[in-house]
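Participant: Pasting in a structure now, in structure tokens, and then I'll have a few things to ask.
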Amino acid sequence: MLFYGAPMLRRQFLISSIAASAATTTPEAILFNGVIYAAPEGAHFRKVQAVAIAGGRILAAGENREIQALATAATRRFDLGGKAVVPGFIDSHSHVASSGLRHLREVDCDLRSIPLIVQSIRERSLKTRKGDWIIGFKYDDTKTAEQRKLNRADLDAAAPGNPVLIVHRGGHTAFANSAALQQMDINEKTPDPPGGAMVRDAQGRLTGELLETAVRRPASMNRAATASERREGVALITKMMAKSGITSVTDAAGGGSGRADELSPYQDAHDNGELCCRVYCHFNYRYVDPLIAVGVRTGFGNEWIRVGAMKLIADGSISERTARLSEPYEGRPNDYGIIVMPESELYEHARKAHLAGWQIGTHANGEVGIEMALNVYERLQREHQARDPRFRLEHCTVVNDTLLRRIKALNAVPTPFWSYVYYHGEKMSQYGTERLNRMFAMRSFLDHGIRVAPGSDYVPGPFEPMMALQSCVTRTDIKGVTWGPKQKITVAEAMRAVTMNGPYATYEEKLKGTLEPGKLADLVVLGRDPFTAEPSTLASIPVERTMTGGRWVYES
Ligand SMILES: [Zn+2]
């Protein structure tokens with residue numbers, strides 16, 4: 001057994017040191033009779049049966065009798081009943097507050113047929129004032145039984161009295177009904193805007209599908225969320241995440257949708273006792289200047305809410321096939337994807353943040369996007385070397401050997417999509433067999449000694465960590481098709497990446513990532529042991545309880 005405060009020598013982990021430390025603190029709670037995967041050891045995890053908790057942290061970890069001997073009459077005792085326990089999952093890239101607000105105000109269109117989507121919109125229209133907007137999200141045209149896209153006729157039928165806009169799961173395309181097109185001032189004669197398009201049928205009529213900049217948001221749509229709605233959204237989404245075993249999450253901020261006051265809904269939810277996950281919050285580059293002016297930089301905050309990196313965006317998206325690749329998309333010989341911000345501009349923003357002591361996180365999906373981000377980071381280190389910049393490559397999806405070596409040399413941290421292979425299988429063929437062996441490249445990152453910290457990118461990717469583990473371990477989608485098998489990793493490797501590397505990406509490795517004494521008591525009780533389960537069943541392992549800071553934030 002080892003205590004908080006005692007030196008953490010490897011072999012001492014299970015050696016009793018009760019006499020030395022029992023006088024200093026007694027546990028508020030003990031969890032015993034479990035299979036607790038406390039911390040990585042070699043290629044696997046070190047197991048203990050019990051942990052003692054005090055002040056929201058792990059006080060001691062060891063055998064049942066050692067830990068039980070620490071308990072006093074005031075100690076709460078929890079029998080784990082032989083269940084597996086792992087350190088809390090860390091989602092290193094998600095869009096927390098914005099998705100929470102969407103769950104609160106919009107129609108969840110993650111449904112498997114067009115009639116089901118139409119029905120949900122119709123139900124919402126019955127509760128919505130005539131003429132008010134109805135917005136849908138999480139719609140995915142590849143996941144409905146009909147295998148065709150929504151069109152304006154579907155949406156006109158669903159809610160004839162309301163403008164309706166259904167946004168695709170990836171966020172770059174949307175589907176409007178006739179009333180919505182009218183409100184957006186789009187008619188049959190409107191030309192395509194630069195960087196966008198309005199899809200037309202064979203007769204040249206608008207189908208309602210709008211691409212990229214063609215999606216307009218008229219003032220009538222943008223009723224600003226109130227502070228209490230934003231707080232409620234955070235409470236709702238962090239509760240959903242806690243239910244899936246997530247105890248810490250990075251809010252990767254929005255592109256256009258980011259806000260200057262990113263932190264306030266988190267603080268409001270925390271003050272209300274409703275914040276169920278710890279949050280590391282990036283800021284879009286547009287909003288960093290005033291923070292720099294008052295001396296705020298990455299790391300400011302506490303164990304629950306912390307200022308993260310400055311966010312930049314280099315290229316397009318994977319789920320909507322706009323990432324900037326070095327070779328064209330399969331079957332589209334002239335399509336290499338898009339660059340969102342040129343390198344010179346990325347550099348100017350990054351330099352300002354770097355000089356002010358900020359971590360930088362650049363959204364970079366394709367090889368070209370990643371190379372641009374690395375060029376900027378390498379130049380910053382040449383010109384103004386920072387001791388431990390931990391440059392982040394948000395997503396870092398398609399890599400090659402040269403990029404991997406440069407990432408390692410910089411000690412940069414990629415945050416690849418952890419659930420895409422499993423969930424977005426039908427989009428994978430667009431990338432081709434060879435390229436898929438270089439995508440979401442967990443095996444390559446680990447083999448190069450890179451501290452890869454995966455994430456969901458929720459809303460585009462599902463956030464459930466057990467699904468993500470299955471995705472990384474099997475590289476197989478929902479339908480059983482395997483994509484990029486060379487990137488398979490073991491359960492222990494995946495578990496280590498989603499627990500231990502996340503805190504490295506946020507400079508919090510001394511605080512979390514393992515269940516060793518002194519670390520935060522953030523942990524998950526699972527219904528089955530993932531280390532002995534058949535890999536193709538990992539996603540179905542139920543999360544029974546989630547503890548954050550010594551408190552059960554979810555109990556099934
Ligand atoms: Zn993102």
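In the structure tokens, chains take letters A, B, ... by order of appearance, with residues numbered from 1 within each chain and ligands from 1 in the order shown.
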What are the DSSP alpha helix (DSSP H) residues of range 64-230 of chain A, as a VMD selection string?
Facilitator: chain A and resid 64 to 68 96 to 105 114 to 126 152 to 158 178 to 183 227 to 230
Participant: Write out, as an mmCIF file, in the first residue's frame, the residues just selected, with C-alpha atoms.
Facilitator:
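Here's the written file selection21.cif:
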data_model
loop_
_atom_site.group_PDB
_atom_site.id
_atom_site.type_symbol
_atom_site.label_atom_id
_atom_site.label_comp_id
_atom_site.auth_asym_id
_atom_site.auth_seq_id
_atom_site.Cartn_x
_atom_site.Cartn_y
_atom_site.Cartn_z
ATOM 1 C CA ASN A 64 -8.525 -4.998 1.096
ATOM 2 C CA ARG A 65 -7.289 -5.633 4.624
ATOM 3 C CA GLU A 66 -4.725 -2.833 4.516
ATOM 4 C CA ILE A 67 -7.265 -0.259 3.351
ATOM 5 C CA GLN A 68 -10.072 -1.520 5.586
ATOM 6 C CA VAL A 96 -18.942 20.842 -24.213
ATOM 7 C CA ALA A 97 -20.891 24.022 -23.480
ATOM 8 C CA SER A 98 -22.078 24.478 -27.066
ATOM 9 C CA SER A 99 -23.317 20.883 -27.365
ATOM 10 C CA GLY A 100 -25.039 21.149 -23.982
ATOM 11 C CA LEU A 101 -26.936 24.184 -25.175
ATOM 12 C CA ARG A 102 -27.911 22.348 -28.331
ATOM 13 C CA HIS A 103 -29.259 19.418 -26.355
ATOM 14 C CA LEU A 104 -31.292 21.898 -24.372
ATOM 15 C CA ARG A 105 -32.715 23.932 -27.259
ATOM 16 C CA ILE A 114 -36.321 10.135 -42.232
ATOM 17 C CA PRO A 115 -39.879 9.539 -40.875
ATOM 18 C CA LEU A 116 -38.450 9.421 -37.322
ATOM 19 C CA ILE A 117 -36.665 12.735 -37.905
ATOM 20 C CA VAL A 118 -39.807 14.273 -39.426
ATOM 21 C CA GLN A 119 -41.829 13.080 -36.438
ATOM 22 C CA SER A 120 -39.382 14.644 -33.930
ATOM 23 C CA ILE A 121 -39.535 17.961 -35.772
ATOM 24 C CA ARG A 122 -43.338 17.785 -35.883
ATOM 25 C CA GLU A 123 -43.471 17.176 -32.126
ATOM 26 C CA ARG A 124 -41.186 20.130 -31.533
ATOM 27 C CA SER A 125 -43.314 22.334 -33.802
ATOM 28 C CA LEU A 126 -46.341 21.648 -31.583
ATOM 29 C CA ARG A 152 -37.082 20.681 -48.174
ATOM 30 C CA ALA A 153 -40.276 18.726 -48.890
ATOM 31 C CA ASP A 154 -39.636 16.451 -45.886
ATOM 32 C CA LEU A 155 -39.078 19.498 -43.717
ATOM 33 C CA ASP A 156 -42.023 21.475 -45.139
ATOM 34 C CA ALA A 157 -44.274 18.548 -44.251
ATOM 35 C CA ALA A 158 -42.785 18.283 -40.758
ATOM 36 C CA SER A 178 -39.026 26.556 -47.667
ATOM 37 C CA ALA A 179 -39.813 28.944 -44.814
ATOM 38 C CA ALA A 180 -36.169 28.823 -43.698
ATOM 39 C CA LEU A 181 -34.873 29.535 -47.223
ATOM 40 C CA GLN A 182 -37.208 32.503 -47.377
ATOM 41 C CA GLN A 183 -35.961 33.842 -44.028
ATOM 42 C CA ALA A 227 -27.053 32.772 -18.737
ATOM 43 C CA SER A 228 -29.330 30.271 -17.057
ATOM 44 C CA GLU A 229 -29.831 28.328 -20.306
ATOM 45 C CA ARG A 230 -26.079 28.167 -20.812
#
Participant: Let me have all residues with an atom within 6 Å of ligand 1, counting only C-alpha atoms and all ligand atoms, laid out as a list in words.
Facilitator: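 Residues lying within 6 Å of ligand 1: Ser94, Ala252 and Asp457 of chain A.
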Participant: Excluding same-chain residues fewer than 4 positions from range 408-421 of chain A, what lies within 6 Å of it counting only C-alpha atoms, as a ChimeraX atom specification?
Facilitator: /A:390-397,425,440,450-456,468,471,475,477
Participant: Given only C-alpha atoms as the basis, pick out the residue of A:Arg551, A:Arg217, A:Ala492, A:Gly480 nearest to Arg76 in chain A.
Facilitator: A:Arg551
Participant: Write out as a PyMOL selection string all residues of range 193-414 of chain A that DSSP puts in strand (DSSP E or B) for this structure's backbone.
Facilitator: chain A and resi 196-200+206-212+246-251+278-284+301+305-313+315+339+360-364+392-395+398+413-414
